[in-house]
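The structure file coords13.cif is reproduced below (mmCIF, C-alpha atoms and all ligand atoms).
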```
data_input
loop_
_atom_site.label_atom_id
_atom_site.label_comp_id
_atom_site.auth_asym_id
_atom_site.auth_seq_id
_atom_site.Cartn_x
_atom_site.Cartn_y
_atom_site.Cartn_z
CA MET A 1 104.19 79.91 105.16
CA VAL A 2 101.10 79.29 107.23
CA TYR A 3 100.18 81.16 110.36
CA GLN A 4 97.84 80.85 113.31
CA VAL A 5 96.72 83.44 115.79
CA LYS A 6 95.59 82.42 119.24
CA LYS A 7 94.94 84.15 122.53
CA ASP A 8 96.64 82.91 125.67
CA SER A 9 97.22 84.50 129.07
CA GLY A 10 96.38 87.99 127.79
CA PHE A 11 98.64 87.78 124.72
CA ALA A 12 97.88 87.42 121.05
CA ILE A 13 100.30 84.79 119.82
CA ILE A 14 101.06 84.79 116.11
CA HIS A 15 102.59 81.49 115.15
CA LEU A 16 104.43 81.72 111.83
CA VAL A 17 105.41 78.41 110.23
CA GLY A 18 107.56 77.62 107.18
CA ASP A 19 109.42 79.98 104.85
CA ILE A 20 108.73 83.68 105.28
CA ASP A 21 109.72 85.30 102.00
CA LEU A 22 108.46 87.93 99.56
CA SER A 23 105.49 85.77 98.60
CA CYS A 24 103.96 85.83 102.07
CA SER A 25 105.63 88.45 104.21
CA PRO A 26 102.86 91.02 103.48
CA GLU A 27 100.41 88.54 104.99
CA ALA A 28 102.57 88.12 108.09
CA ARG A 29 102.86 91.91 108.31
CA LYS A 30 99.10 92.33 108.27
CA ALA A 31 98.66 89.73 111.02
CA ILE A 32 101.15 91.57 113.23
CA LEU A 33 99.78 95.06 112.58
CA ASP A 34 96.16 93.90 112.98
CA SER A 35 96.96 92.35 116.32
CA LEU A 36 98.66 95.50 117.58
CA GLY A 37 95.96 97.65 115.99
CA ALA A 38 93.46 95.81 118.17
CA GLY A 39 95.48 96.87 121.20
CA GLN A 40 96.76 93.42 122.09
CA PRO A 41 100.15 92.62 123.59
CA THR A 42 101.64 90.46 120.87
CA LEU A 43 104.18 87.65 120.74
CA VAL A 44 105.38 86.22 117.46
CA ASP A 45 106.27 82.54 117.65
CA LEU A 46 109.13 81.76 115.26
CA SER A 47 109.77 78.17 116.41
CA GLY A 48 108.48 76.75 113.13
CA VAL A 49 110.23 79.21 110.83
CA THR A 50 112.51 77.45 108.34
CA TYR A 51 113.61 80.62 106.51
CA ILE A 52 113.00 84.33 106.96
CA ASP A 53 114.06 87.00 104.48
CA SER A 54 114.71 90.68 105.18
CA SER A 55 111.16 91.71 104.47
CA GLY A 56 110.06 89.23 107.15
CA VAL A 57 112.59 90.63 109.58
CA ALA A 58 111.51 94.17 108.66
CA ASN A 59 107.93 93.18 109.60
CA LEU A 60 109.16 92.31 113.08
CA VAL A 61 111.08 95.58 113.39
CA GLU A 62 108.04 97.56 112.29
CA GLY A 63 105.86 95.56 114.67
CA TYR A 64 108.14 96.25 117.61
CA GLN A 65 108.24 99.97 116.80
CA THR A 66 104.45 100.10 116.44
CA ALA A 67 104.02 98.27 119.75
CA LYS A 68 106.34 100.74 121.50
CA LYS A 69 104.33 103.68 120.20
CA LYS A 70 101.18 102.09 121.59
CA SER A 71 102.89 101.01 124.81
CA LEU A 72 102.04 97.39 124.05
CA GLU A 73 104.29 94.47 124.78
CA PHE A 74 105.92 92.82 121.77
CA GLY A 75 108.29 89.89 121.71
CA LEU A 76 109.50 86.79 119.94
CA LEU A 77 109.00 83.20 121.09
CA GLY A 78 111.05 80.07 120.45
CA VAL A 79 113.15 81.61 117.69
CA SER A 80 114.31 78.80 115.38
CA GLU A 81 117.97 78.49 114.49
CA ALA A 82 117.26 79.58 110.91
CA ALA A 83 115.52 82.74 112.10
CA PHE A 84 118.06 83.44 114.83
CA SER A 85 121.05 83.49 112.51
CA VAL A 86 119.31 86.07 110.33
CA LEU A 87 118.42 88.24 113.33
CA GLU A 88 121.94 87.92 114.65
CA LEU A 89 123.47 89.07 111.37
CA ALA A 90 121.85 92.49 111.84
CA ARG A 91 122.43 92.36 115.64
CA LEU A 92 118.66 92.23 116.20
CA ASP A 93 119.04 89.40 118.70
CA LYS A 94 120.04 92.22 121.08
CA VAL A 95 117.03 94.35 120.17
CA PHE A 96 113.95 92.17 120.45
CA PRO A 97 112.69 90.70 123.70
CA ILE A 98 113.19 86.98 122.99
CA HIS A 99 111.63 84.22 125.11
CA GLY A 100 112.01 80.47 124.77
CA SER A 101 108.26 79.96 125.10
CA LEU A 102 105.10 81.57 126.45
CA LYS A 103 105.71 79.71 129.68
CA GLU A 104 109.13 81.25 129.95
CA ARG A 105 107.68 84.69 129.26
CA LEU A 106 105.02 84.23 131.95
CA ALA A 107 107.63 83.10 134.44
CA LYS A 108 109.34 86.49 133.98
CA ASN A 109 105.97 87.83 135.09
CA GLY A 110 106.45 91.38 133.79
CA MET B 1 122.76 66.83 88.13
CA SER B 2 122.10 70.52 87.77
CA ASP B 3 120.54 70.72 91.22
CA ASP B 4 123.76 69.67 92.89
CA TYR B 5 125.58 72.87 91.97
CA ALA B 6 124.72 76.52 92.31
CA LEU B 7 126.95 77.20 89.35
CA GLU B 8 128.28 75.00 86.54
CA VAL B 9 130.55 76.39 83.87
CA ASP B 10 131.34 73.87 81.14
CA SER B 11 134.04 74.33 78.51
CA VAL B 12 133.37 78.00 78.02
CA THR B 13 135.21 79.88 75.32
CA ALA B 14 134.65 83.58 74.75
CA TYR B 15 135.93 86.34 72.53
CA TYR B 16 136.06 90.10 72.43
CA GLY B 17 136.07 90.64 68.69
CA SER B 18 138.55 88.14 67.34
CA ARG B 19 140.58 88.03 70.55
CA ARG B 20 140.02 84.91 72.62
CA ILE B 21 139.57 85.93 76.25
CA LEU B 22 138.38 82.65 77.80
CA ASP B 23 139.61 79.29 76.59
CA ASP B 24 137.83 76.08 77.60
CA VAL B 25 136.99 77.22 81.12
CA SER B 26 135.08 74.78 83.36
CA LEU B 27 134.24 75.08 87.04
CA ARG B 28 131.58 74.07 89.54
CA VAL B 29 130.42 75.73 92.71
CA GLY B 30 128.36 73.81 95.25
CA TYR B 31 125.54 75.36 97.29
CA GLY B 32 126.85 77.23 100.30
CA GLU B 33 130.38 77.23 98.97
CA ILE B 34 132.76 80.18 98.61
CA MET B 35 134.64 79.98 95.33
CA VAL B 36 137.41 82.46 94.70
CA ILE B 37 138.45 83.18 91.13
CA MET B 38 142.00 84.46 91.00
CA GLY B 39 144.39 85.58 88.36
CA GLY B 40 146.47 88.54 87.35
CA SER B 41 145.06 91.69 85.80
CA GLY B 42 143.66 90.95 82.34
CA SER B 43 143.47 87.18 82.89
CA GLY B 44 139.72 87.16 82.16
CA LYS B 45 138.16 87.15 85.62
CA SER B 46 135.65 89.92 85.04
CA THR B 47 134.82 88.54 81.60
CA LEU B 48 134.02 85.16 83.14
CA LEU B 49 131.86 86.92 85.68
CA ARG B 50 129.95 88.76 82.94
CA HIS B 51 129.27 85.45 81.23
CA MET B 52 128.03 83.88 84.44
CA LEU B 53 125.61 86.80 84.73
CA ALA B 54 124.43 86.29 81.15
CA LEU B 55 125.62 89.79 80.24
CA ASN B 56 127.88 88.49 77.45
CA LYS B 57 127.14 85.88 74.79
CA LEU B 58 129.06 82.61 74.84
CA ALA B 59 131.04 81.48 71.81
CA ALA B 60 131.11 77.86 73.03
CA GLY B 61 130.26 75.82 76.10
CA SER B 62 127.44 76.20 78.59
CA ILE B 63 126.74 77.86 81.91
CA ARG B 64 124.10 76.80 84.43
CA VAL B 65 123.22 79.19 87.20
CA LEU B 66 121.01 77.86 90.02
CA GLY B 67 120.05 75.05 87.67
CA LEU B 68 119.13 77.28 84.72
CA ASN B 69 121.02 76.95 81.43
CA ILE B 70 121.38 80.66 80.74
CA ALA B 71 122.07 80.40 77.02
CA ARG B 72 118.77 78.59 76.49
CA ALA B 73 116.72 80.52 79.03
CA THR B 74 113.84 82.77 78.04
CA GLY B 75 113.86 86.44 78.98
CA GLU B 76 111.33 85.72 81.68
CA GLU B 77 113.45 82.92 83.17
CA LEU B 78 116.50 85.18 83.21
CA HIS B 79 114.52 87.93 84.87
CA LYS B 80 113.39 85.53 87.58
CA LEU B 81 116.94 84.20 87.97
CA ARG B 82 118.32 87.70 88.47
CA ARG B 83 116.11 88.14 91.54
CA ASP B 84 118.02 85.27 93.17
CA ILE B 85 121.44 86.67 92.29
CA GLY B 86 123.29 89.56 93.88
CA VAL B 87 126.20 91.29 92.18
CA ALA B 88 128.65 93.76 93.64
CA PHE B 89 130.62 95.10 90.70
CA GLN B 90 134.24 96.12 90.82
CA SER B 91 133.42 99.79 90.43
CA GLY B 92 130.62 99.80 92.99
CA ALA B 93 128.18 101.08 90.37
CA LEU B 94 126.01 103.02 92.78
CA LEU B 95 123.78 105.74 91.35
CA SER B 96 125.31 109.06 92.30
CA SER B 97 122.01 110.92 92.30
CA LEU B 98 120.49 108.69 94.97
CA THR B 99 121.35 108.42 98.66
CA VAL B 100 123.02 105.26 99.86
CA GLY B 101 119.73 104.14 101.42
CA GLU B 102 117.85 104.72 98.16
CA ASN B 103 120.52 102.84 96.22
CA VAL B 104 120.10 99.82 98.47
CA ALA B 105 116.31 100.08 98.34
CA LEU B 106 116.25 100.29 94.55
CA PRO B 107 116.18 96.53 93.78
CA LEU B 108 113.33 96.09 96.23
CA ARG B 109 111.37 98.92 94.64
CA GLU B 110 112.00 97.51 91.16
CA HIS B 111 111.27 93.87 91.87
CA THR B 112 108.70 93.81 94.67
CA ASP B 113 105.41 95.39 95.75
CA LEU B 114 106.51 95.61 99.36
CA ASN B 115 105.12 98.39 101.50
CA ASP B 116 107.40 101.44 101.50
CA ASN B 117 108.07 101.28 105.23
CA ILE B 118 109.19 97.65 104.88
CA VAL B 119 111.41 98.56 101.90
CA GLN B 120 113.11 101.28 103.93
CA ILE B 121 113.59 99.11 107.01
CA SER B 122 114.95 96.27 104.82
CA ALA B 123 117.44 98.62 103.16
CA LYS B 124 118.60 99.93 106.53
CA LEU B 125 118.98 96.38 107.81
CA LYS B 126 121.33 95.61 104.90
CA LEU B 127 123.37 98.70 105.70
CA GLU B 128 123.59 97.50 109.32
CA VAL B 129 124.83 94.11 108.12
CA VAL B 130 127.70 95.74 106.19
CA ASN B 131 128.45 98.11 109.09
CA LEU B 132 127.10 101.20 107.38
CA GLY B 133 124.27 101.71 109.86
CA GLY B 134 123.26 105.37 110.01
CA PHE B 135 124.87 106.28 106.66
CA ASP B 136 121.71 105.84 104.57
CA GLN B 137 121.19 109.58 103.99
CA LEU B 138 124.66 110.16 102.50
CA TYR B 139 125.38 110.25 98.77
CA PRO B 140 127.97 107.94 97.17
CA ALA B 141 130.34 110.88 96.58
CA GLN B 142 130.50 111.37 100.35
CA LEU B 143 131.76 107.84 100.99
CA SER B 144 135.29 106.45 101.18
CA GLY B 145 136.41 103.62 98.86
CA GLY B 146 135.81 100.98 101.50
CA MET B 147 132.35 102.37 102.30
CA ILE B 148 131.40 102.31 98.62
CA LYS B 149 132.36 98.64 98.40
CA ARG B 150 130.24 97.90 101.45
CA ALA B 151 127.31 99.93 100.14
CA ALA B 152 127.53 98.04 96.83
CA LEU B 153 127.52 94.82 98.82
CA ALA B 154 124.45 95.99 100.76
CA ARG B 155 122.69 96.67 97.49
CA ALA B 156 123.71 93.28 96.12
CA LEU B 157 122.16 91.74 99.25
CA ALA B 158 118.91 93.71 98.98
CA MET B 159 116.89 90.86 97.50
CA ASP B 160 118.40 88.20 99.79
CA PRO B 161 120.15 86.43 96.92
CA LYS B 162 120.94 82.73 97.02
CA LEU B 163 124.04 83.40 94.97
CA LEU B 164 126.32 86.39 95.40
CA PHE B 165 129.01 87.59 93.00
CA PHE B 166 131.60 89.99 94.27
CA ASP B 167 134.19 91.42 91.85
CA GLU B 168 137.43 92.59 93.49
CA PRO B 169 136.11 93.37 96.98
CA SER B 170 139.52 94.41 98.23
CA ALA B 171 140.94 96.23 95.21
CA GLY B 172 142.22 99.64 96.22
CA LEU B 173 141.44 99.20 99.89
CA ASP B 174 143.83 99.30 102.78
CA PRO B 175 144.53 95.90 104.39
CA VAL B 176 142.40 96.51 107.49
CA VAL B 177 139.30 97.48 105.52
CA SER B 178 139.80 94.66 103.06
CA SER B 179 140.15 92.15 105.89
CA GLU B 180 136.86 93.43 107.35
CA LEU B 181 135.17 92.75 104.02
CA ASP B 182 136.57 89.22 104.08
CA ASP B 183 135.08 88.68 107.52
CA LEU B 184 131.77 89.94 106.24
CA ILE B 185 131.82 87.54 103.29
CA LEU B 186 132.48 84.63 105.66
CA LYS B 187 129.69 85.79 107.98
CA LEU B 188 127.20 85.91 105.10
CA ARG B 189 127.99 82.38 104.05
CA ASN B 190 128.02 81.03 107.58
CA SER B 191 124.76 82.54 108.74
CA LEU B 192 122.76 82.67 105.51
CA LYS B 193 124.36 79.66 103.77
CA MET B 194 124.70 81.86 100.73
CA THR B 195 126.74 80.63 97.76
CA ILE B 196 129.44 83.20 97.03
CA VAL B 197 131.75 83.72 94.07
CA VAL B 198 134.50 86.24 94.72
CA VAL B 199 136.85 87.52 92.05
CA THR B 200 140.11 88.82 93.41
CA HIS B 201 143.79 89.08 92.77
CA GLU B 202 144.62 89.39 96.46
CA LEU B 203 146.19 86.15 97.55
CA GLU B 204 145.81 86.70 101.26
CA SER B 205 142.11 87.40 100.94
CA ALA B 206 141.62 84.35 98.70
CA PHE B 207 143.33 82.03 101.19
CA LYS B 208 141.28 83.44 104.03
CA ILE B 209 137.78 83.14 102.58
CA ALA B 210 137.87 80.44 99.91
CA ASP B 211 136.62 76.89 100.14
CA ARG B 212 138.02 76.40 96.68
CA ILE B 213 140.11 78.55 94.37
CA THR B 214 140.21 78.68 90.59
CA VAL B 215 143.24 80.38 89.09
CA LEU B 216 142.90 81.91 85.63
CA ASP B 217 145.89 82.74 83.48
CA HIS B 218 145.47 84.24 80.03
CA GLY B 219 141.89 83.00 79.89
CA ARG B 220 142.71 79.38 80.81
CA ILE B 221 142.34 77.58 84.09
CA LEU B 222 145.74 76.95 85.62
CA ILE B 223 144.39 75.10 88.62
CA SER B 224 141.12 74.62 90.45
CA GLY B 225 141.16 73.14 93.93
CA THR B 226 140.98 73.62 97.68
CA VAL B 227 143.08 76.30 99.34
CA ASP B 228 145.65 73.68 100.31
CA GLU B 229 145.75 72.15 96.85
CA VAL B 230 146.45 75.54 95.33
CA ARG B 231 148.94 76.50 98.01
CA ASN B 232 150.85 73.24 97.57
CA SER B 233 150.57 73.03 93.82
CA THR B 234 153.74 71.99 92.06
CA ILE B 235 152.71 73.70 88.83
CA ALA B 236 155.47 76.20 88.23
CA ARG B 237 153.21 78.91 86.86
CA VAL B 238 150.95 78.68 89.93
CA GLN B 239 153.91 79.03 92.24
CA ASP B 240 155.08 81.95 90.13
CA LEU B 241 151.81 83.74 90.56
CA LEU B 242 151.57 82.94 94.26
CA GLN B 243 155.12 83.83 95.14
CA ARG B 244 155.24 87.02 93.20
CA ARG B 245 152.27 88.34 95.08
CA SER B 246 152.51 86.90 98.55
CA ARG B 247 156.21 86.80 99.24
CA PRO B 248 157.97 89.52 97.29
CA SER B 249 160.56 89.87 100.04
CA GLU B 250 161.62 86.24 99.69
CA LEU B 251 163.20 86.99 96.34
CA SER B 252 166.88 86.15 96.62
CA ALA B 253 169.35 89.03 96.61
CA ASP B 254 170.61 87.95 93.19
CA ASP B 255 167.12 87.73 91.72
CA TYR B 256 166.25 91.10 93.17
CA LEU B 257 169.32 92.71 91.68
CA GLU B 258 168.52 90.98 88.40
CA ARG B 259 165.00 92.41 88.48
CA LEU B 260 166.29 95.92 89.08
CA THR B 261 168.89 95.73 86.35
CA ALA B 262 167.24 93.49 83.75
CA HIS B 263 166.97 96.43 81.34
CA VAL B 264 170.76 96.70 81.22
CA LYS B 265 171.01 93.29 79.58
CA ARG B 266 168.09 93.97 77.27
CA ALA B 267 169.44 97.32 76.23
N1 LIG C 301 134.61 95.21 76.59
C1 LIG C 301 135.80 94.74 76.17
N2 LIG C 301 136.17 94.82 74.87
C2 LIG C 301 137.35 94.34 74.44
N3 LIG C 301 138.26 93.76 75.25
C3 LIG C 301 137.97 93.67 76.57
C4 LIG C 301 136.74 94.15 77.11
N4 LIG C 301 136.72 93.91 78.42
C5 LIG C 301 137.89 93.32 78.72
N5 LIG C 301 138.64 93.16 77.62
C6 LIG C 301 139.96 92.52 77.54
O1 LIG C 301 139.81 91.17 77.93
C7 LIG C 301 140.90 90.75 78.74
C8 LIG C 301 140.36 90.22 80.07
O2 LIG C 301 139.79 91.31 80.77
P1 LIG C 301 139.05 91.13 82.16
O3 LIG C 301 138.11 89.99 82.07
O4 LIG C 301 138.49 92.45 82.54
O5 LIG C 301 140.29 90.73 83.09
P2 LIG C 301 140.43 90.78 84.68
O6 LIG C 301 139.12 91.04 85.29
O7 LIG C 301 141.00 89.43 85.02
O8 LIG C 301 141.43 91.86 84.96
C9 LIG C 301 141.79 91.94 78.90
O9 LIG C 301 142.85 91.81 77.99
C10 LIG C 301 140.92 93.12 78.55
O10 LIG C 301 141.68 94.13 77.98
MG MG C 302 138.43 92.57 86.58
#
```

Go ahead and express the file in the form of structure tokens.
Amino acid sequence: MVYQVKKDSGFAIIHLVGDIDLSCSPEARKAILDSLGAGQPTLVDLSGVTYIDSSGVANLVEGYQTAKKKSLEFGLLGVSEAAFSVLELARLDKVFPIHGSLKERLAKNG
Amino acid sequence: MSDDYALEVDSVTAYYGSRRILDDVSLRVGYGEIMVIMGGSGSGKSTLLRHMLALNKLAAGSIRVLGLNIARATGEELHKLRRDIGVAFQSGALLSSLTVGENVALPLREHTDLNDNIVQISAKLKLEVVNLGGFDQLYPAQLSGGMIKRAALARALAMDPKLLFFDEPSAGLDPVVSSELDDLILKLRNSLKMTIVVVTHELESAFKIADRITVLDHGRILISGTVDEVRNSTIARVQDLLQRRSRPSELSADDYLERLTAHVKRA
């Protein structure tokens, strides 16, 4: 996995790319918690995710819960098919705010 | 060659003491495939499973699991392999002193350095997947038979295995619960592309979930093929096994009477 963090339109966007498994999910977790810790509304871009294990999914759950506590926006962008089927298995596709892209999120203008 | 199959069993023979339990057993399971191993009670299904898990020593033949020849593997290689394999044993084998949530979390605690919060969320996610969401604080003794099977499955899934073994998922369960487990097995393969080996003697379940079926009889392979190949097999012994289990009511009146009174002749 590699990841990039950028700022756009008031959001921190964490772009995760590749396989998210035990070897790197702690790194992804830190990126998410750091972003929220800095008080930024955060979107995690999963468009380049080829595989995500449960620890990776748990990072997202923890991130969403942390964001809620801080009243910060949290959401997922461009969820890849590989990531979506894993989210769907635990019915998390109904839990997370999921947007096709940042543009799509901004169009909702919330 | 070895990378083409998740599992390759080649000419395996095995004994308990001097009794031969498996006799020249060979089978292959492709990645993402559901293989069902069938056979009557005592035919050697669980023994084959134990060999595939490297829990028993082979007398002859070889077994490759996820490309690793397990008889030649070092302890370290086997340890690494076991992280990629999930097993739900026939008995459930949950620890009675731990809650269901702790049971499911156990493999993650043993094999990873994940943060505790992540371990707990991961374990709860697995319980959600097997429809035991919210039951994490209960102890195994508080669960029904079907719930124990599902909890054992959740624990087998804890490490996101590439290869899942499931021994007798439906044994002792009522048909509705066992059919739910079948749906779950199909869902796991379809969304996670997991390779799954299921041992069962329930014909209906085998026909529903299998891509291919291997039928064991007295430690030998009777037939190995697609669901249709097995269903349409002309091998008498296969038809025997299938008919006895799936269509008991189709026994002719004469045969039924014969079965009820066979002792008269023998006596
Ligand atoms: N630990 C053991 N020691 C000796 N014999 C065993 C042992 N486990 C199983 N067997 C015998 O091996 C045969 C196959 O058993 P098993 O593989 O459990 O069959 P299945 O799972 O198909 O019901 C049976 O006759 C059984 O009694
Ligand atoms: Mg058995």

Throw together the list of residues within 8 Å of ligand MG 302 (chain C), counting only C-alpha atoms and all ligand atoms, and drop it here as a PyMOL selection string.
-> chain B and resi 41-42+44-47+90+167-168+199-200

Pick from A:Asp8, A:Asp53, A:Ile32, A:Arg91: nearest to Leu127 (chain B), with only C-alpha atoms counted?
->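 Closest candidate: A:Arg91.
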
Coordinates-based distance that separates CA of Ala83 (chain A) from CA of Thr50 (chain A) (Å, one decimal) = 7.2 Å

Just give me the gap between atom C3 of ligand LIG 301 (chain C) and CA of Thr13 (chain B) in Å, one decimal is fine.
->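 CA of Thr13 (chain B) lies 14.1 Å from atom C3 of ligand LIG 301 (chain C).
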
What residues in chain B have any atom no more than 9 Å from chain A when counting only C-alpha atoms, and can you write them as a PyMOL selection string?
-> chain B and resi 112-115+117-123+125-130+158-160+187-188+190-192

Take the residues just selected and output them with C-alpha atoms as a PDB file, keeping the file's coordinate frame.
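Listed below is the output, again.pdb:
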```pdb
ATOM      1  CA  THR B 112     108.700  93.810  94.670  1.00  0.00           C
ATOM      2  CA  ASP B 113     105.410  95.390  95.750  1.00  0.00           C
ATOM      3  CA  LEU B 114     106.510  95.610  99.360  1.00  0.00           C
ATOM      4  CA  ASN B 115     105.120  98.390 101.500  1.00  0.00           C
ATOM      5  CA  ASN B 117     108.070 101.280 105.230  1.00  0.00           C
ATOM      6  CA  ILE B 118     109.190  97.650 104.880  1.00  0.00           C
ATOM      7  CA  VAL B 119     111.410  98.560 101.900  1.00  0.00           C
ATOM      8  CA  GLN B 120     113.110 101.280 103.930  1.00  0.00           C
ATOM      9  CA  ILE B 121     113.590  99.110 107.010  1.00  0.00           C
ATOM     10  CA  SER B 122     114.950  96.270 104.820  1.00  0.00           C
ATOM     11  CA  ALA B 123     117.440  98.620 103.160  1.00  0.00           C
ATOM     12  CA  LEU B 125     118.980  96.380 107.810  1.00  0.00           C
ATOM     13  CA  LYS B 126     121.330  95.610 104.900  1.00  0.00           C
ATOM     14  CA  LEU B 127     123.370  98.700 105.700  1.00  0.00           C
ATOM     15  CA  GLU B 128     123.590  97.500 109.320  1.00  0.00           C
ATOM     16  CA  VAL B 129     124.830  94.110 108.120  1.00  0.00           C
ATOM     17  CA  VAL B 130     127.700  95.740 106.190  1.00  0.00           C
ATOM     18  CA  ALA B 158     118.910  93.710  98.980  1.00  0.00           C
ATOM     19  CA  MET B 159     116.890  90.860  97.500  1.00  0.00           C
ATOM     20  CA  ASP B 160     118.400  88.200  99.790  1.00  0.00           C
ATOM     21  CA  LYS B 187     129.690  85.790 107.980  1.00  0.00           C
ATOM     22  CA  LEU B 188     127.200  85.910 105.100  1.00  0.00           C
ATOM     23  CA  ASN B 190     128.020  81.030 107.580  1.00  0.00           C
ATOM     24  CA  SER B 191     124.760  82.540 108.740  1.00  0.00           C
ATOM     25  CA  LEU B 192     122.760  82.670 105.510  1.00  0.00           C
TER      26      LEU B 192
END
```

If you take every atom of region 71-80 of chain A that the file lists and fit an axis-aligned box around them with 5 Å extra on each side, what centre and edge lengths come out in Å to one decimal, as JSON?
```
{"center_x": 108.2, "center_y": 89.9, "center_z": 120.1, "size_x": 22.3, "size_y": 32.2, "size_z": 19.4}
```

How many Å lie between CA of Gly17 (chain B) and CA of Arg220 (chain B), rounded to one decimal?
->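 If I compute the distance from CA of Gly17 (chain B) to CA of Arg220 (chain B), I get 17.8 Å.
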
Of the candidates B:Ala206, B:Ile37, B:Ala93, B:Val87, which shows the shortest atom-to-atom distance to ligand LIG 301 (chain C), using all atoms listed in the file?
-> B:Ile37

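Closest to Leu138 (chain B) among B:Leu216, B:Ile70, B:Ile196, B:Ala151 is B:Ala151, based on only C-alpha atoms.
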
So which residues fall inside 6 Å of (104.2, 84.4, 108.2) if we count only C-alpha atoms? Mind giving them as a PDB file with C-alpha atoms, keeping the file's coordinate frame?
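Produced file selection-v5.pdb, reproduced below:
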```
ATOM      1  CA  MET A   1     104.190  79.910 105.160  1.00  0.00           C
ATOM      2  CA  TYR A   3     100.180  81.160 110.360  1.00  0.00           C
ATOM      3  CA  LEU A  16     104.430  81.720 111.830  1.00  0.00           C
ATOM      4  CA  ILE A  20     108.730  83.680 105.280  1.00  0.00           C
ATOM      5  CA  SER A  25     105.630  88.450 104.210  1.00  0.00           C
ATOM      6  CA  ALA A  28     102.570  88.120 108.090  1.00  0.00           C
TER       7      ALA A  28
END
```

Leaving out Phe11 (chain A) and any residue of its chain fewer than 3 positions from it, which residues lie within 6 Å of it when counting all atoms listed in the file, given as a list in words?
->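 Residues near the query, excluding close chain neighbours: Lys7, Asp8, Pro41 and Thr42 of chain A.
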
Residue nearest Leu46 (chain A) - candidates A:Ile14, A:Cys24, A:Val79, A:Ala67, atoms counted: all atoms listed in the file =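 For Leu46 (chain A), the nearest of the given residues is A:Val79.
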